[in-house]
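Following: one structure in structure tokens, then a few remarks.
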Amino acid sequence: MQGQRPVVRHSADLSAARTLQSMNGLHSLNVKRLAEAERLFEDIWDAVEAVQPVRAAERKTVAAVALLSLMLEHCSAIVELLGGRWTASATALLRPMCDAYLRGRWLWHCASDAQLDKVLAKDEFPGNGTMFKALQQGPAAHRENAARLDKMSGEMRDMLHSLTHSGRAQMDGRVHPHGIQGRVSDELVSDAVSVTMTHGALGVALLWEIYDDEEFRQRTLAILVRANIVHGE
């Protein structure tokens with residue numbers, strides 16, 4: 001995945017986590033988690049950029065990798081925006097992040113040539129429910145994870161829709177007698193960071209399948225273990 005990577009601040013600069021701590025007084029655990037997430041996605045991007053580029057002729061591979069790259073960019077942006085106190089903008093990206101992963105996984109595991117043609121020629125994807133159903137009827141090794149992801153998505157669906165489309169979830173807590181400010185809470189930041197790091201790990205795991213590159217797998221597995229997202233083998 002060569003090309004322009006998202007700009008990520010490094011630890012030598014004024015970190016996103018320290019900025020958030022000083023401006024919002026978040027619990028130290030969230031400050032630590034944001035710093036860990038920032039490092040995680042820096043490392044993931046370094047590993048992804050080192051992989052051999054995909055040949056343009058491999059249509060399904062190109063499409064799936066493009067969506068996973070998009071998902072990882074959303075992940076990085078969410079972490080950066082949370083660190084800059086732009087919580088509404090960060091949480092508005094949670095649903096696009098989830099959708100990019102779901103579409104990439106569906107394309108790779110389930111899409112027929114005709115469905116791929118629709119995506120590439122007409123920008124037409126099935127609905128999320130249809131894609132989840134297809135994944136749960138797909139390869140046995142992936143059915144349990146697909147069902148778990150569908151359950152998690154169902155539990156978050158209304159909230160994510162509201163966050164993305166300027167609904168009540170974004171309106172609450174913004175206007176106060178002393179002025180206007182973004183809605184920042186420990187619970188919201190904690191949930192956003194957790195969901196983002198989880199999707200980062202899911203995206204990397206799918207790239208293991210697509211690239212079938214043992215060096216990439218071992219490098220990114222070490223990154224996920226270091227971030228305490230997965231256990232070492």
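Convention: chains lettered A, B, ... in structure tokens order; per-chain residue numbering from 1; ligands numbered from 1 as shown.
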Excluding segment 210-214 of chain A and any residue of its chain fewer than 4 positions from it, enumerate the residues within 7 Å of it, using only C-alpha atoms, and give them as a VMD selection string. chain A and resid 61 206 218
Using only C-alpha atoms, please write the residues we just selected to a file, as a PDB file, in the first residue's frame.
```pdb
ATOM      1  CA  THR A  61      -7.486  -7.720  -4.015  1.00  0.00           C
ATOM      2  CA  LEU A 206      -7.599  -9.587   7.144  1.00  0.00           C
ATOM      3  CA  GLN A 218       4.985 -11.726  12.051  1.00  0.00           C
TER       4      GLN A 218
END
```
Exercise: segment 169-181 of chain A partners within 9 Å, only C-alpha atoms, chain neighbours under 2 positions left out, as a count of residues only: 13
How many Å separate atom CA of Val225 of chain A from atom CA of Val51 of chain A? 19.8 Å
Would you pick out the contacts of segment 121-126 of chain A at 12 Å or less, using only C-alpha atoms, so that residues sharing its chain but fewer than 2 positions from it are not included, and give the list as an MDAnalysis selection string? chainID A and resid 59 63 99:100 102:104 106:107 110:119 128:134
Those selected residues, please, written with N, CA and C atoms and delivered as a CSV table (one decimal), in the first residue's frame.
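The resulting out_17.csv:
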```csv
chain,number,residue,atom,x,y,z
A,59,ARG,N,-8.3,-7.4,-9.3
A,59,ARG,CA,-9.4,-6.5,-9.0
A,59,ARG,C,-9.9,-6.6,-7.6
A,63,ALA,N,-9.5,-3.9,-4.6
A,63,ALA,CA,-10.7,-3.3,-3.9
A,63,ALA,C,-10.7,-3.5,-2.4
A,99,ASP,N,-17.9,0.5,8.6
A,99,ASP,CA,-18.4,0.2,7.3
A,99,ASP,C,-17.2,-0.2,6.3
A,100,ALA,N,-16.1,0.5,6.4
A,100,ALA,CA,-15.0,0.2,5.5
A,100,ALA,C,-14.5,-1.2,5.7
A,102,LEU,N,-16.2,-3.8,7.1
A,102,LEU,CA,-17.2,-4.7,6.7
A,102,LEU,C,-17.2,-4.9,5.2
A,103,ARG,N,-17.2,-3.8,4.5
A,103,ARG,CA,-17.2,-3.9,3.0
A,103,ARG,C,-15.9,-4.6,2.5
A,104,GLY,N,-14.8,-4.3,3.1
A,104,GLY,CA,-13.6,-4.9,2.7
A,104,GLY,C,-13.6,-6.4,2.9
A,106,TRP,N,-16.3,-8.3,3.3
A,106,TRP,CA,-17.3,-8.9,2.4
A,106,TRP,C,-16.8,-9.1,1.0
A,107,LEU,N,-16.1,-8.1,0.5
A,107,LEU,CA,-15.5,-8.2,-0.8
A,107,LEU,C,-14.6,-9.3,-0.9
A,110,CYS,N,-16.7,-12.9,0.2
A,110,CYS,CA,-18.0,-13.3,-0.3
A,110,CYS,C,-18.4,-12.8,-1.7
A,111,ALA,N,-17.9,-11.7,-2.1
A,111,ALA,CA,-18.4,-11.0,-3.4
A,111,ALA,C,-18.1,-11.9,-4.6
A,112,SER,N,-19.2,-12.0,-5.4
A,112,SER,CA,-19.0,-12.7,-6.7
A,112,SER,C,-18.5,-11.7,-7.7
A,113,ASP,N,-18.1,-12.2,-8.9
A,113,ASP,CA,-17.6,-11.3,-9.9
A,113,ASP,C,-18.6,-10.2,-10.3
A,114,ALA,N,-19.9,-10.7,-10.4
A,114,ALA,CA,-21.0,-9.7,-10.7
A,114,ALA,C,-21.1,-8.7,-9.7
A,115,GLN,N,-21.0,-9.0,-8.4
A,115,GLN,CA,-21.1,-8.1,-7.3
A,115,GLN,C,-19.9,-7.1,-7.3
A,116,LEU,N,-18.8,-7.6,-7.6
A,116,LEU,CA,-17.6,-6.8,-7.7
A,116,LEU,C,-17.7,-5.8,-8.8
A,117,ASP,N,-18.3,-6.3,-10.0
A,117,ASP,CA,-18.5,-5.3,-11.1
A,117,ASP,C,-19.5,-4.2,-10.7
A,118,LYS,N,-20.5,-4.5,-9.9
A,118,LYS,CA,-21.4,-3.5,-9.4
A,118,LYS,C,-20.7,-2.4,-8.5
A,119,VAL,N,-19.8,-2.9,-7.7
A,119,VAL,CA,-19.1,-2.0,-6.8
A,119,VAL,C,-18.2,-1.1,-7.6
A,128,ASN,N,-25.7,-3.4,4.8
A,128,ASN,CA,-24.9,-4.1,5.9
A,128,ASN,C,-25.5,-5.4,6.3
A,129,GLY,N,-26.8,-5.5,6.5
A,129,GLY,CA,-27.4,-6.7,6.9
A,129,GLY,C,-27.2,-7.8,6.0
A,130,THR,N,-27.2,-7.5,4.7
A,130,THR,CA,-27.0,-8.6,3.6
A,130,THR,C,-25.5,-9.0,3.7
A,131,MET,N,-24.6,-8.1,3.9
A,131,MET,CA,-23.2,-8.5,3.9
A,131,MET,C,-22.9,-9.3,5.2
A,132,PHE,N,-23.5,-8.9,6.3
A,132,PHE,CA,-23.3,-9.7,7.5
A,132,PHE,C,-23.8,-11.2,7.3
A,133,LYS,N,-25.0,-11.3,6.7
A,133,LYS,CA,-25.6,-12.6,6.5
A,133,LYS,C,-24.7,-13.4,5.6
A,134,ALA,N,-24.2,-12.8,4.6
A,134,ALA,CA,-23.3,-13.5,3.6
A,134,ALA,C,-22.0,-14.0,4.4
```
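Going from atom CA of Ala66 of chain A over to atom CA of Ile78 of chain A, you cover 18.4 Å.
Distances here use only C-alpha atoms; by that measure, the residue among A:Ile229, A:Ala47, A:Ser69, A:Ser76 closest to Ala201 of chain A is A:Ile229.
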Applying 9 Å and only C-alpha atoms, which residues near Tyr101 of chain A remain after dropping the ones on its own chain fewer than 5 positions away? List them as an NGL selection string. :A and (64 or 67-68 or 70-72 or 96 or 106 or 199 or 202-203)
Those same residues, written as a PDB file, in the first residue's frame with N, CA and C atoms?
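Final output, result07.pdb:
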```pdb
ATOM      1  N   ALA A  64     -10.379  -4.752  -2.000  1.00  0.00           N
ATOM      2  CA  ALA A  64     -10.382  -5.061  -0.575  1.00  0.00           C
ATOM      3  C   ALA A  64      -9.289  -4.294   0.168  1.00  0.00           C
ATOM      4  N   LEU A  67     -10.177  -0.627   0.679  1.00  0.00           N
ATOM      5  CA  LEU A  67     -11.115  -0.398   1.775  1.00  0.00           C
ATOM      6  C   LEU A  67     -10.442  -0.551   3.136  1.00  0.00           C
ATOM      7  N   LEU A  68      -9.535  -1.512   3.255  1.00  0.00           N
ATOM      8  CA  LEU A  68      -8.827  -1.678   4.526  1.00  0.00           C
ATOM      9  C   LEU A  68      -7.872  -0.520   4.781  1.00  0.00           C
ATOM     10  N   LEU A  70      -8.459   2.511   3.748  1.00  0.00           N
ATOM     11  CA  LEU A  70      -9.388   3.569   4.158  1.00  0.00           C
ATOM     12  C   LEU A  70      -9.753   3.409   5.634  1.00  0.00           C
ATOM     13  N   MET A  71     -10.045   2.175   6.040  1.00  0.00           N
ATOM     14  CA  MET A  71     -10.390   1.927   7.432  1.00  0.00           C
ATOM     15  C   MET A  71      -9.251   2.332   8.370  1.00  0.00           C
ATOM     16  N   LEU A  72      -8.020   1.956   8.017  1.00  0.00           N
ATOM     17  CA  LEU A  72      -6.868   2.295   8.853  1.00  0.00           C
ATOM     18  C   LEU A  72      -6.648   3.812   8.904  1.00  0.00           C
ATOM     19  N   PRO A  96     -18.093   5.190   9.534  1.00  0.00           N
ATOM     20  CA  PRO A  96     -17.350   4.950   8.290  1.00  0.00           C
ATOM     21  C   PRO A  96     -16.199   3.960   8.470  1.00  0.00           C
ATOM     22  N   TRP A 106     -16.337  -8.323   3.297  1.00  0.00           N
ATOM     23  CA  TRP A 106     -17.335  -8.929   2.410  1.00  0.00           C
ATOM     24  C   TRP A 106     -16.774  -9.088   0.998  1.00  0.00           C
ATOM     25  N   HIS A 199     -10.814  -2.516  15.623  1.00  0.00           N
ATOM     26  CA  HIS A 199     -10.937  -2.564  14.168  1.00  0.00           C
ATOM     27  C   HIS A 199      -9.568  -2.515  13.491  1.00  0.00           C
ATOM     28  N   LEU A 202      -8.515  -6.070  13.566  1.00  0.00           N
ATOM     29  CA  LEU A 202      -9.289  -6.856  12.611  1.00  0.00           C
ATOM     30  C   LEU A 202      -8.821  -6.605  11.168  1.00  0.00           C
ATOM     31  N   GLY A 203      -8.550  -5.344  10.864  1.00  0.00           N
ATOM     32  CA  GLY A 203      -8.080  -5.011   9.526  1.00  0.00           C
ATOM     33  C   GLY A 203      -6.730  -5.631   9.220  1.00  0.00           C
TER      34      GLY A 203
END
```
Those of segment 131-206 of chain A in DSSP strand (DSSP E), formatted as a PyMOL selection string: chain A and resi 175-176+179-180
Could the residues in this selection be written to a file with C-alpha atoms, as a PDB file, in the first residue's frame?
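Output file out-v2.pdb follows:
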```pdb
ATOM      1  CA  VAL A 175     -24.358  24.048  25.088  1.00  0.00           C
ATOM      2  CA  HIS A 176     -23.927  25.232  28.682  1.00  0.00           C
ATOM      3  CA  GLY A 179     -20.803  28.857  26.733  1.00  0.00           C
ATOM      4  CA  ILE A 180     -20.390  26.241  24.032  1.00  0.00           C
TER       5      ILE A 180
END
```
Gap from atom CA of Leu34 of chain A to atom CA of Ser190 of chain A - Å, one decimal: 8.7 Å
